[in-house]
file final.tsv (TSV, C-alpha atoms and all ligand atoms)
chain	number	residue	atom	x	y	z
A	19	MET	CA	-4.26	64.55	36.85
A	20	ASN	CA	-5.39	61.87	39.31
A	21	ILE	CA	-4.89	62.17	43.06
A	22	LEU	CA	-5.08	59.48	45.72
A	23	LEU	CA	-5.55	60.60	49.34
A	24	VAL	CA	-4.45	58.03	51.91
A	25	VAL	CA	-5.33	57.74	55.60
A	26	PRO	CA	-3.12	54.99	57.07
A	27	ASP	CA	-4.94	52.36	59.10
A	28	PHE	CA	-4.38	54.03	62.48
A	29	PRO	CA	-5.41	51.97	65.55
A	30	PHE	CA	-8.07	54.28	66.98
A	31	ALA	CA	-9.70	53.02	70.14
A	32	ARG	CA	-13.00	51.38	69.20
A	33	LYS	CA	-14.84	53.42	71.82
A	34	SER	CA	-13.33	56.75	70.77
A	35	LYS	CA	-16.42	58.92	70.42
A	36	ASN	CA	-15.15	61.52	67.98
A	37	HIS	CA	-12.52	59.35	66.31
A	38	HIS	CA	-14.53	56.24	65.47
A	39	GLU	CA	-14.80	57.65	61.99
A	40	PHE	CA	-11.64	59.71	61.75
A	41	ILE	CA	-12.16	62.65	59.42
A	42	PRO	CA	-8.85	63.59	57.76
A	43	ILE	CA	-9.62	67.27	57.63
A	44	GLY	CA	-6.26	68.25	56.09
A	45	LEU	CA	-6.66	65.84	53.17
A	46	LEU	CA	-10.26	66.94	52.57
A	47	LYS	CA	-9.17	70.57	52.43
A	48	LEU	CA	-6.38	69.66	50.02
A	49	ALA	CA	-8.95	67.92	47.80
A	50	SER	CA	-11.00	71.10	47.80
A	51	TYR	CA	-7.93	73.18	46.99
A	52	TYR	CA	-6.91	70.95	44.05
A	53	ARG	CA	-10.44	70.86	42.64
A	54	SER	CA	-10.77	74.64	42.79
A	55	GLU	CA	-7.30	75.91	42.05
A	56	VAL	CA	-5.54	73.36	39.88
A	57	SER	CA	-6.70	72.75	36.34
A	58	GLY	CA	-6.83	69.31	34.77
A	59	ILE	CA	-7.87	67.35	37.89
A	60	ASP	CA	-9.65	64.17	36.70
A	61	GLN	CA	-10.16	62.01	39.76
A	62	ILE	CA	-9.61	62.36	43.49
A	63	LYS	CA	-10.21	59.39	45.75
A	64	LEU	CA	-9.83	58.94	49.52
A	65	VAL	CA	-8.85	55.53	50.91
A	66	ARG	CA	-8.05	54.09	54.35
A	67	GLY	CA	-5.09	51.79	54.73
A	68	GLU	CA	-3.86	49.60	51.92
A	69	VAL	CA	-6.57	48.86	49.36
A	70	ASN	CA	-6.24	47.01	46.09
A	71	ASN	CA	-9.22	48.17	44.05
A	72	ILE	CA	-8.09	51.60	42.93
A	73	ASP	CA	-9.34	51.94	39.39
A	74	PHE	CA	-6.94	54.63	38.19
A	75	THR	CA	-3.24	55.37	38.30
A	76	PRO	CA	-2.62	58.36	40.54
A	77	ASP	CA	-0.12	61.00	39.52
A	78	LEU	CA	0.04	62.23	43.10
A	79	ILE	CA	-0.43	60.31	46.35
A	80	LEU	CA	-0.94	62.40	49.50
A	81	VAL	CA	-0.56	60.48	52.77
A	82	THR	CA	-1.53	61.97	56.12
A	83	SER	CA	0.16	61.21	59.43
A	84	LEU	CA	-0.86	61.59	63.06
A	85	PHE	CA	1.06	60.95	66.27
A	86	THR	CA	4.77	60.16	65.94
A	87	TYR	CA	4.23	56.89	67.85
A	88	TRP	CA	1.99	55.72	64.98
A	89	SER	CA	4.77	56.27	62.44
A	90	GLU	CA	4.83	52.63	61.38
A	91	TYR	CA	1.27	52.84	60.01
A	92	VAL	CA	2.36	55.72	57.79
A	93	ALA	CA	5.39	53.78	56.58
A	94	LYS	CA	3.26	50.70	55.88
A	95	SER	CA	0.83	52.64	53.67
A	96	THR	CA	3.55	54.56	51.89
A	97	HIS	CA	5.60	51.46	51.07
A	98	TYR	CA	2.47	49.67	49.87
A	99	TYR	CA	1.46	52.41	47.44
A	100	ARG	CA	5.07	52.86	46.31
A	101	GLY	CA	4.96	49.19	45.31
A	102	VAL	CA	1.61	49.43	43.52
A	103	PHE	CA	2.25	52.78	41.80
A	104	PRO	CA	6.05	53.05	41.42
A	105	ASN	CA	5.86	56.12	39.18
A	106	SER	CA	3.51	58.22	41.33
A	107	GLU	CA	4.81	61.09	43.41
A	108	ILE	CA	4.20	60.47	47.12
A	109	ILE	CA	4.00	63.32	49.65
A	110	VAL	CA	3.53	62.76	53.38
A	111	GLY	CA	2.15	65.53	55.61
A	112	GLY	CA	0.49	65.83	59.01
A	113	ILE	CA	1.69	65.80	62.61
A	114	TYR	CA	4.39	63.10	62.50
A	115	ALA	CA	5.72	64.48	59.20
A	116	SER	CA	5.89	67.98	60.71
A	117	LEU	CA	7.53	66.97	63.99
A	118	MET	CA	10.02	64.46	62.57
A	119	PRO	CA	10.54	65.26	58.87
A	120	ASP	CA	13.92	63.52	58.54
A	121	HIS	CA	12.72	60.36	60.26
A	122	CYS	CA	9.57	60.45	58.13
A	123	LYS	CA	11.54	60.75	54.88
A	124	GLN	CA	13.76	57.83	55.77
A	125	ASN	CA	11.01	55.70	57.28
A	126	THR	CA	8.53	56.09	54.42
A	127	ASN	CA	10.82	56.56	51.41
A	128	CYS	CA	8.37	59.19	50.16
A	129	ASP	CA	9.32	61.80	47.56
A	130	GLU	CA	8.56	64.75	49.80
A	131	VAL	CA	7.69	65.50	53.40
A	132	PHE	CA	5.33	68.44	53.84
A	133	THR	CA	5.61	70.19	57.20
A	134	GLY	CA	3.10	72.48	58.92
A	135	LEU	CA	-0.22	73.72	57.58
A	136	HIS	CA	-0.82	74.15	53.84
A	137	PRO	CA	-1.53	77.91	53.72
A	138	GLU	CA	-3.62	77.75	50.54
A	139	ALA	CA	-5.62	74.62	51.38
A	140	GLU	CA	-6.42	76.13	54.79
A	141	LYS	CA	-8.66	78.66	53.03
A	142	PHE	CA	-10.88	75.95	51.51
A	143	PRO	CA	-13.77	73.99	53.04
A	144	PRO	CA	-13.24	70.22	53.43
A	145	GLU	CA	-14.65	68.09	50.57
A	146	TYR	CA	-16.95	65.96	52.70
A	147	ASP	CA	-18.42	64.32	49.59
A	148	LEU	CA	-15.27	62.16	49.46
A	149	MET	CA	-16.42	60.51	52.70
A	150	PHE	CA	-20.15	61.01	53.08
A	151	GLU	CA	-23.03	60.60	50.68
A	152	GLU	CA	-24.77	63.82	49.72
A	153	ASN	CA	-21.94	65.78	51.28
A	154	ASP	CA	-23.71	65.46	54.64
A	155	PRO	CA	-21.28	64.56	57.46
A	156	PRO	CA	-22.71	63.21	60.76
A	157	MET	CA	-20.36	65.58	62.53
A	158	GLN	CA	-18.19	68.39	61.33
A	159	ILE	CA	-14.64	69.08	62.41
A	160	ILE	CA	-14.06	72.79	62.42
A	161	HIS	CA	-11.42	75.31	63.50
A	162	ALA	CA	-12.16	78.83	64.70
A	163	SER	CA	-8.47	79.38	65.43
A	164	ARG	CA	-5.05	77.84	64.93
A	165	GLY	CA	-2.06	77.55	67.22
A	166	CYS	CA	-1.73	78.35	70.90
A	167	PHE	CA	0.00	81.15	72.75
A	168	ARG	CA	1.16	78.84	75.56
A	169	ARG	CA	4.28	76.67	75.43
A	170	CYS	CA	3.55	73.44	77.35
A	171	ALA	CA	6.61	71.19	77.21
A	172	PHE	CA	4.69	68.03	76.25
A	173	CYS	CA	2.68	69.62	73.42
A	174	GLY	CA	3.56	69.81	69.72
A	175	THR	CA	0.88	72.32	68.71
A	176	TRP	CA	3.01	75.41	69.04
A	177	LYS	CA	5.80	73.73	67.10
A	178	ILE	CA	3.56	72.90	64.13
A	179	GLU	CA	1.11	75.80	64.12
A	180	LYS	CA	3.71	78.42	64.84
A	181	LYS	CA	1.64	81.51	64.18
A	182	PRO	CA	-1.67	81.64	66.07
A	183	SER	CA	-4.56	82.94	63.96
A	184	ASP	CA	-8.20	83.65	64.79
A	185	LYS	CA	-11.31	83.64	62.62
A	186	LYS	CA	-13.94	86.32	63.06
A	187	SER	CA	-16.84	84.07	62.07
A	188	ILE	CA	-17.45	80.41	61.24
A	189	LEU	CA	-21.15	80.70	60.36
A	190	SER	CA	-20.68	80.23	56.62
A	191	GLU	CA	-18.69	77.01	57.19
A	192	ILE	CA	-21.37	75.12	59.14
A	193	ARG	CA	-22.50	71.92	57.39
A	194	SER	CA	-23.74	69.74	60.25
A	195	ASN	CA	-25.79	69.84	63.45
A	196	LYS	CA	-22.82	68.57	65.41
A	197	LEU	CA	-19.67	70.68	65.43
A	198	ILE	CA	-16.43	69.33	66.88
A	199	PHE	CA	-13.98	72.16	67.37
A	200	TYR	CA	-10.37	71.05	66.88
A	201	ASP	CA	-8.94	74.38	68.06
A	202	ASN	CA	-6.04	73.80	70.40
A	203	ASN	CA	-7.02	76.74	72.56
A	204	PHE	CA	-10.58	77.71	71.60
A	205	LEU	CA	-10.94	80.42	74.25
A	206	GLN	CA	-7.79	82.28	73.21
A	207	ASN	CA	-9.58	83.50	70.05
A	208	SER	CA	-9.71	87.30	70.19
A	209	ASN	CA	-13.22	87.05	68.68
A	210	ILE	CA	-14.46	84.41	71.11
A	211	GLU	CA	-17.45	86.48	72.30
A	212	SER	CA	-18.84	87.03	68.81
A	213	ILE	CA	-18.11	83.42	67.74
A	214	LEU	CA	-20.10	82.15	70.73
A	215	ASP	CA	-22.89	84.65	70.04
A	216	GLU	CA	-23.29	83.38	66.48
A	217	LEU	CA	-23.21	79.75	67.65
A	218	LYS	CA	-26.07	80.44	70.07
A	219	GLU	CA	-28.33	81.22	67.11
A	220	ALA	CA	-26.75	78.91	64.52
A	221	THR	CA	-28.86	76.25	62.80
A	222	TRP	CA	-28.32	73.62	60.13
A	223	LYS	CA	-31.32	72.29	58.20
A	224	ASN	CA	-33.55	74.32	60.52
A	225	ARG	CA	-32.29	72.59	63.64
A	226	LYS	CA	-30.05	74.02	66.34
A	227	ILE	CA	-26.52	72.74	66.48
A	228	THR	CA	-24.52	71.27	69.37
A	229	CYS	CA	-20.81	71.89	69.85
A	230	GLU	CA	-17.90	70.15	71.53
A	231	SER	CA	-14.28	71.13	71.96
A	232	GLN	CA	-12.04	68.12	71.31
A	233	SER	CA	-9.01	69.66	73.02
A	234	GLY	CA	-11.01	71.15	75.85
A	235	PHE	CA	-10.88	74.66	77.23
A	236	ASP	CA	-7.98	76.55	78.73
A	237	GLY	CA	-9.44	76.77	82.23
A	238	ARG	CA	-7.26	79.77	83.07
A	239	LEU	CA	-9.25	81.77	80.50
A	240	ILE	CA	-12.72	80.74	81.66
A	241	THR	CA	-14.85	83.52	83.11
A	242	THR	CA	-18.41	83.42	84.41
A	243	HIS	CA	-19.57	85.20	81.27
A	244	LEU	CA	-17.72	82.85	78.88
A	245	ALA	CA	-18.97	79.76	80.72
A	246	ARG	CA	-22.57	80.97	80.35
A	247	SER	CA	-21.98	81.67	76.67
A	248	LEU	CA	-20.53	78.18	76.15
A	249	LYS	CA	-23.64	76.68	77.74
A	250	GLU	CA	-25.98	78.87	75.67
A	251	ALA	CA	-24.04	77.91	72.53
A	252	ARG	CA	-24.83	74.26	73.46
A	253	PHE	CA	-21.26	73.12	74.09
A	254	ILE	CA	-21.42	69.69	75.70
A	255	ASN	CA	-18.95	67.83	77.93
A	256	PRO	CA	-16.66	70.77	78.78
A	257	ARG	CA	-13.08	69.68	79.45
A	258	ILE	CA	-10.43	71.62	81.30
A	259	ALA	CA	-6.79	70.63	81.79
A	260	TRP	CA	-4.95	70.00	85.04
A	261	ASP	CA	-1.40	69.34	83.92
A	262	GLY	CA	0.40	70.97	86.84
A	263	GLU	CA	0.96	70.08	90.47
A	264	TYR	CA	-1.64	69.06	93.05
A	265	SER	CA	-1.10	72.46	94.67
A	266	GLU	CA	-3.13	74.00	91.80
A	267	HIS	CA	-6.29	72.32	93.07
A	268	LYS	CA	-7.89	75.58	94.25
A	269	ASP	CA	-7.71	76.96	90.70
A	270	ILE	CA	-9.24	73.77	89.30
A	271	GLU	CA	-12.02	73.85	91.90
A	272	ASN	CA	-12.74	77.45	90.93
A	273	GLN	CA	-12.91	76.62	87.21
A	274	ILE	CA	-15.31	73.74	87.91
A	275	ARG	CA	-17.44	75.99	90.12
A	276	ILE	CA	-17.72	78.52	87.28
A	277	LEU	CA	-18.82	75.77	84.89
A	278	THR	CA	-21.40	74.31	87.29
A	279	GLU	CA	-22.80	77.77	88.04
A	280	ALA	CA	-23.23	78.19	84.27
A	281	GLY	CA	-25.44	75.09	84.28
A	282	TYR	CA	-23.11	72.16	83.61
A	283	LYS	CA	-23.51	69.04	85.76
A	284	ASN	CA	-20.36	67.91	87.58
A	285	GLU	CA	-20.49	64.46	85.99
A	286	ASP	CA	-20.53	66.00	82.50
A	287	ILE	CA	-17.33	67.95	83.16
A	288	TYR	CA	-13.97	66.33	82.36
A	289	VAL	CA	-10.51	67.18	83.65
A	290	PHE	CA	-7.68	66.34	81.25
A	291	MET	CA	-4.91	64.83	83.35
A	292	ILE	CA	-1.50	63.96	82.00
A	293	TYR	CA	0.22	60.96	83.61
A	294	ASN	CA	3.46	59.07	83.01
A	295	TRP	CA	4.86	62.58	83.36
A	296	SER	CA	6.98	64.54	85.85
A	297	GLN	CA	4.46	64.29	88.72
A	298	THR	CA	4.78	60.90	90.39
A	299	PHE	CA	2.09	58.24	90.66
A	300	THR	CA	1.41	59.27	94.27
A	301	ASP	CA	0.99	62.96	93.38
A	302	THR	CA	-1.17	62.15	90.35
A	303	GLU	CA	-3.31	59.89	92.52
A	304	LYS	CA	-3.94	62.87	94.81
A	305	LYS	CA	-5.19	64.80	91.79
A	306	ARG	CA	-7.43	61.86	90.85
A	307	GLN	CA	-8.88	61.76	94.35
A	308	LYS	CA	-9.55	65.50	94.23
A	309	CYS	CA	-11.57	64.92	91.04
A	310	TRP	CA	-13.51	62.23	92.89
A	311	GLU	CA	-14.25	64.72	95.65
A	312	LEU	CA	-15.47	67.19	93.00
A	313	LYS	CA	-17.41	64.40	91.21
A	314	VAL	CA	-16.04	65.28	87.78
A	315	GLN	CA	-14.71	62.80	85.24
A	316	ILE	CA	-11.06	62.49	84.19
A	317	ALA	CA	-9.79	62.35	80.62
A	318	ASP	CA	-6.42	60.73	81.23
A	319	CYS	CA	-3.61	61.42	78.76
A	320	ARG	CA	-0.59	59.09	78.85
A	321	TYR	CA	2.52	61.08	78.04
A	322	ARG	CA	4.70	60.03	75.10
A	323	PRO	CA	7.67	62.15	73.99
A	324	LEU	CA	7.15	64.05	70.75
A	325	ASN	CA	9.82	61.92	69.08
A	326	GLN	CA	8.50	58.54	70.26
A	327	THR	CA	8.10	56.43	67.13
A	328	PHE	CA	6.32	53.36	68.53
A	329	ASP	CA	3.77	52.43	71.17
A	330	TYR	CA	2.85	48.81	71.86
A	331	TYR	CA	1.14	49.51	75.19
A	332	ASN	CA	-0.99	46.62	76.36
A	333	ALA	CA	-2.93	47.02	79.61
A	334	LYS	CA	-2.97	43.26	80.20
A	335	LEU	CA	0.78	42.61	79.99
A	336	LYS	CA	3.84	43.47	82.05
A	337	GLN	CA	5.91	45.66	79.76
A	338	THR	CA	9.11	47.70	79.56
A	339	ASN	CA	10.48	50.73	77.75
A	340	ASP	CA	11.07	48.44	74.77
A	341	ASP	CA	7.30	48.23	74.38
A	342	TYR	CA	6.25	51.79	75.08
A	343	TYR	CA	7.55	54.95	76.76
A	344	ILE	CA	7.78	54.77	80.56
A	345	HIS	CA	8.76	58.04	82.26
A	346	PRO	CA	11.69	57.75	84.73
A	347	ASN	CA	9.32	58.89	87.53
A	348	TRP	CA	6.84	56.07	86.80
A	349	THR	CA	6.79	52.29	86.51
A	350	ASP	CA	4.83	50.07	84.14
A	351	GLY	CA	2.68	48.90	87.07
A	352	GLU	CA	1.91	52.46	88.20
A	353	ILE	CA	0.92	53.56	84.70
A	354	LYS	CA	-1.50	50.68	84.33
A	355	GLN	CA	-2.84	51.05	87.86
A	356	PHE	CA	-3.54	54.75	87.36
A	357	ARG	CA	-5.32	54.08	84.07
A	358	LYS	CA	-7.40	51.40	85.78
A	359	ASN	CA	-8.25	53.69	88.71
A	360	VAL	CA	-9.39	56.46	86.38
A	361	ARG	CA	-11.60	54.12	84.41
A	362	ARG	CA	-13.25	52.76	87.55
A	363	GLN	CA	-13.64	56.22	89.07
A	364	ASN	CA	-15.28	57.58	85.92
A	365	ILE	CA	-17.82	54.75	86.05
A	366	CYS	CA	-18.59	55.69	89.67
A	367	VAL	CA	-18.93	59.39	88.79
A	368	ARG	CA	-21.16	58.72	85.76
A	369	HIS	CA	-23.50	56.37	87.61
A	370	GLY	CA	-23.41	57.93	91.07
A	371	PHE	CA	-21.89	54.80	92.67
A	372	SER	CA	-19.96	55.14	95.91
A	373	TYR	CA	-17.66	52.26	95.00
A	374	TYR	CA	-16.60	50.27	91.96
A	375	SER	CA	-17.08	46.55	91.60
A	376	ARG	CA	-16.12	44.54	88.55
A	377	ASP	CA	-18.90	42.08	89.33
A	378	LEU	CA	-21.44	44.90	89.37
A	379	GLU	CA	-20.06	46.31	86.15
A	380	HIS	CA	-20.49	42.99	84.42
A	381	LYS	CA	-23.95	42.57	85.88
A	382	LEU	CA	-23.03	39.34	87.63
A	383	ILE	CA	-24.91	40.67	90.62
A	384	ASN	CA	-28.36	42.19	90.49
A	385	ASN	CA	-27.76	45.89	89.94
A	386	HIS	CA	-30.38	46.82	92.48
A	387	ILE	CA	-28.48	45.21	95.32
A	388	LYS	CA	-26.09	47.89	96.51
A	389	GLN	CA	-24.54	45.75	99.21
A	390	LEU	CA	-20.82	45.58	99.78
A	391	THR	CA	-19.24	43.16	97.36
A	392	GLU	CA	-15.97	41.40	97.86
A	393	ASP	CA	-14.19	43.23	95.06
A	394	ALA	CA	-15.43	46.72	96.00
A	395	TRP	CA	-12.90	49.48	95.21
A	396	TYR	CA	-13.40	52.93	96.73
A	397	PRO	CA	-12.14	55.86	94.64
A	398	ASP	CA	-11.20	57.93	97.69
A	399	GLU	CA	-8.78	55.29	98.97
A	400	VAL	CA	-5.08	55.26	98.18
A	401	THR	CA	-4.48	52.30	95.88
A	402	SER	CA	-1.57	49.96	96.36
A	403	LEU	CA	-0.27	48.43	93.17
A	404	ILE	CA	-2.08	45.40	91.86
A	405	ASP	CA	-0.32	42.90	89.63
A	406	ILE	CA	-1.18	43.35	85.99
A	407	ARG	CA	-2.56	40.11	84.71
B	1	LIG	S1	-2.39	75.05	76.36
B	1	LIG	FE1	-2.86	73.14	75.29
B	1	LIG	S2	-2.56	73.56	73.12
B	1	LIG	FE2	-1.55	75.21	74.26
B	1	LIG	S3	0.59	74.55	74.42
B	1	LIG	FE3	-0.48	73.86	76.29
B	1	LIG	S4	-1.19	71.76	75.85
B	1	LIG	FE4	-0.63	72.75	73.88
call {"tool": "encode", "arguments": {"input": "final.tsv", "output": "structure tokens"}}
result
Amino acid sequence: MNILLVVPDFPFARKSKNHHEFIPIGLLKLASYYRSEVSGIDQIKLVRGEVNNIDFTPDLILVTSLFTYWSEYVAKSTHYYRGVFPNSEIIVGGIYASLMPDHCKQNTNCDEVFTGLHPEAEKFPPEYDLMFEENDPPMQIIHASRGCFRRCAFCGTWKIEKKPSDKKSILSEIRSNKLIFYDNNFLQNSNIESILDELKEATWKNRKITCESQSGFDGRLITTHLARSLKEARFINPRIAWDGEYSEHKDIENQIRILTEAGYKNEDIYVFMIYNWSQTFTDTEKKRQKCWELKVQIADCRYRPLNQTFDYYNAKLKQTNDDYYIHPNWTDGEIKQFRKNVRRQNICVRHGFSYYSRDLEHKLINNHIKQLTEDAWYPDEVTSLIDIR
């Protein structure tokens, strides 16, 4: 039996730190499961996008999916391989498949849509040798838990991973010096103390490891003790979420204080901030300015509904709901202005600047001259909308 694993050619941002080489963890675990549990497996190959040099005829083609608004990339890959291998069975799984199975079936013309986690494959380690020579990944995606006990309206986690589960230990799974935890709510793990204790001492190839939580930490669960343990376990760039109203700012300030007292620098802390959401541009700007006051960075998350099947957002164009989702409380101009403000503010926070200047950023002016420039933008000022050009 031959199996082809397909990652559609998703448009990851070039600068995306942990996504520049997207690791399809679900497909790699399935490869491991098939190799171990199913007899008669001859070849398994992983490809990205539509490739034409596959030197075998697959019996089974497994296609992964991500966000619903990237559904067209899944359809493109599936239709391509249907054309090349008309007799192969094609199964699509992943986030889009799980959230919109009927749409996925129709859109991709696959044989089967697989929803949720594969309970058997979940027990197997990812087959990194399909991606990296000598089975040695530059970073390892790992889960210490699944699911989340909260029910945020904009989040699909609790709809896909319906039953939260916690691991007691992840020590035996470590295969890299850089661990990226993909837990949706890392701190909710009932064994969090012992997991952090083992990470403090963990090594790979006789070197200590560093850790990062891709989804950030549930700030409401952070305690002084946990923050210290995160620091001692070498977690970098801690992120907390501020999805609610501006009135929650005291709680956010407290969470940041706990992290800084544990040894994190303000500029290394990120606050996840949803926008294009129920809070208006003006209210979200107040939250941005509070982050400026606290000198922490913002990880901005543009809201898209969980059944949005396209996204042609372009920061340089004037656009409408036909191009991408615009919340009734927001306008296209406000969305782009907020994104621009966050980007500029983060530059100021990272470099300790008191104002942003495009000229300075592009080094048109000697960086040592900190005089007022004509295009100076101050993060603590309320921004009026600027035309998107
Ligand atoms: S806390 Fe995070 S993972 Fe949990 S439901 Fe809310 S957004 Fe989703």
call {"tool": "closest_atom_pairs", "arguments": {"input": "final.tsv", "of": "chain A", "to": "ligand LIG 1 (chain B)", "cutoff": "6 Å", "atoms": "only C-alpha atoms and all ligand atoms", "output": "JSON lines"}}
result
{"residue": "A:Cys166", "atom": "CA", "partner": "B:LIG1", "partner_atom": "FE2", "distance": 4.6}
{"residue": "A:Arg168", "atom": "CA", "partner": "B:LIG1", "partner_atom": "S3", "distance": 4.5}
{"residue": "A:Arg169", "atom": "CA", "partner": "B:LIG1", "partner_atom": "S3", "distance": 4.4}
{"residue": "A:Cys170", "atom": "CA", "partner": "B:LIG1", "partner_atom": "FE3", "distance": 4.2}
{"residue": "A:Cys173", "atom": "CA", "partner": "B:LIG1", "partner_atom": "FE4", "distance": 4.6}
{"residue": "A:Thr175", "atom": "CA", "partner": "B:LIG1", "partner_atom": "FE4", "distance": 5.4}
{"residue": "A:Trp176", "atom": "CA", "partner": "B:LIG1", "partner_atom": "S3", "distance": 6.0}
{"residue": "A:Asn202", "atom": "CA", "partner": "B:LIG1", "partner_atom": "S2", "distance": 4.4}
{"residue": "A:Asn203", "atom": "CA", "partner": "B:LIG1", "partner_atom": "S2", "distance": 5.5}
call {"tool": "atom_distance", "arguments": {"input": "final.tsv", "atom1": "atom CA of Lys305 of chain A", "atom2": "atom CA of Arg357 of chain A"}}
result
13.2 Å
call {"tool": "residues_near_point", "arguments": {"input": "final.tsv", "point": "(-7.9, 67.7, 37.5)", "cutoff": "7 Å", "atoms": "only C-alpha atoms", "output": "PDB file with C-alpha atoms, in the frame of the given file"}}
result
ATOM      1  CA  MET A  19      -4.260  64.550  36.850  1.00  0.00           C
ATOM      2  CA  ASN A  20      -5.390  61.870  39.310  1.00  0.00           C
ATOM      3  CA  ARG A  53     -10.440  70.860  42.640  1.00  0.00           C
ATOM      4  CA  VAL A  56      -5.540  73.360  39.880  1.00  0.00           C
ATOM      5  CA  SER A  57      -6.700  72.750  36.340  1.00  0.00           C
ATOM      6  CA  GLY A  58      -6.830  69.310  34.770  1.00  0.00           C
ATOM      7  CA  ILE A  59      -7.870  67.350  37.890  1.00  0.00           C
ATOM      8  CA  ASP A  60      -9.650  64.170  36.700  1.00  0.00           C
ATOM      9  CA  GLN A  61     -10.160  62.010  39.760  1.00  0.00           C
TER      10      GLN A  61
END
call {"tool": "closest_residue", "arguments": {"input": "final.tsv", "among": "A:Gly237, A:Pro346, A:Gly134, A:Gly44", "to": "Gln297 of chain A", "atoms": "only C-alpha atoms"}}
result
A:Pro346
call {"tool": "axis_aligned_box", "arguments": {"input": "final.tsv", "around": "segment 345-357 of chain A", "padding_each_side": "8 Å", "output": "AutoDock Vina command-line options"}}
result
--center_x 3.2 --center_y 53.9 --center_z 85.2 --size_x 33.0 --size_y 26.0 --size_z 21.9
call {"tool": "closest_atom_pairs", "arguments": {"input": "final.tsv", "of": "segment 171-279 of chain A", "to": "segment 288-294 of chain A", "cutoff": "6 Å", "atoms": "only C-alpha atoms", "output": "CSV"}}
result
residue,atom,partner,partner_atom,distance
A:Arg257,CA,A:Tyr288,CA,4.5
A:Ile258,CA,A:Val289,CA,5.0
A:Ala259,CA,A:Phe290,CA,4.4
A:Trp260,CA,A:Met291,CA,5.4
A:Asp261,CA,A:Ile292,CA,5.7
call {"tool": "atom_distance", "arguments": {"input": "final.tsv", "atom1": "atom CA of Ser95 of chain A", "atom2": "atom CA of Asp120 of chain A"}}
result
17.7 Å
call {"tool": "atom_distance", "arguments": {"input": "final.tsv", "atom1": "atom CA of Arg320 of chain A", "atom2": "atom CA of Lys249 of chain A"}}
result
29.0 Å
call {"tool": "closest_residue", "arguments": {"input": "final.tsv", "among": "A:Ile213, A:Val24, A:Leu80, A:Leu324", "to": "Tyr52 of chain A", "atoms": "only C-alpha atoms"}}
result
A:Leu80
call {"tool": "residues_around", "arguments": {"input": "final.tsv", "residues": "segment 160-163 of chain A", "least_positions_apart": "5", "cutoff": "9 Å", "atoms": "only C-alpha atoms", "output": "NGL selection string"}}
result
:A and (43 or 182-188 or 191-192 or 197-204 or 206-207 or 210 or 213)
call {"tool": "residues_around", "arguments": {"input": "final.tsv", "residues": "Thr86 of chain A", "least_positions_apart": "2", "cutoff": "9 Å", "atoms": "all atoms listed in the file", "output": "JSON, numbers by chain"}}
result
{"A": [83, 84, 88, 89, 90, 113, 114, 115, 117, 118, 323, 324, 325, 326, 327, 328]}
call {"tool": "residues_around", "arguments": {"input": "final.tsv", "residues": "segment 272-284 of chain A", "least_positions_apart": "4", "cutoff": "10 Å", "atoms": "all atoms listed in the file", "output": "CSV table (one decimal) with C-alpha atoms, in the frame of the given file"}}
result
chain,number,residue,atom,x,y,z
A,236,ASP,CA,-8.0,76.6,78.7
A,237,GLY,CA,-9.4,76.8,82.2
A,238,ARG,CA,-7.3,79.8,83.1
A,239,LEU,CA,-9.2,81.8,80.5
A,240,ILE,CA,-12.7,80.7,81.7
A,241,THR,CA,-14.8,83.5,83.1
A,242,THR,CA,-18.4,83.4,84.4
A,243,HIS,CA,-19.6,85.2,81.3
A,244,LEU,CA,-17.7,82.8,78.9
A,245,ALA,CA,-19.0,79.8,80.7
A,246,ARG,CA,-22.6,81.0,80.4
A,247,SER,CA,-22.0,81.7,76.7
A,248,LEU,CA,-20.5,78.2,76.2
A,249,LYS,CA,-23.6,76.7,77.7
A,250,GLU,CA,-26.0,78.9,75.7
A,253,PHE,CA,-21.3,73.1,74.1
A,254,ILE,CA,-21.4,69.7,75.7
A,255,ASN,CA,-19.0,67.8,77.9
A,256,PRO,CA,-16.7,70.8,78.8
A,257,ARG,CA,-13.1,69.7,79.4
A,258,ILE,CA,-10.4,71.6,81.3
A,267,HIS,CA,-6.3,72.3,93.1
A,268,LYS,CA,-7.9,75.6,94.2
A,288,TYR,CA,-14.0,66.3,82.4
A,289,VAL,CA,-10.5,67.2,83.6
A,309,CYS,CA,-11.6,64.9,91.0
A,312,LEU,CA,-15.5,67.2,93.0
A,313,LYS,CA,-17.4,64.4,91.2
A,314,VAL,CA,-16.0,65.3,87.8
A,315,GLN,CA,-14.7,62.8,85.2
A,367,VAL,CA,-18.9,59.4,88.8
A,368,ARG,CA,-21.2,58.7,85.8
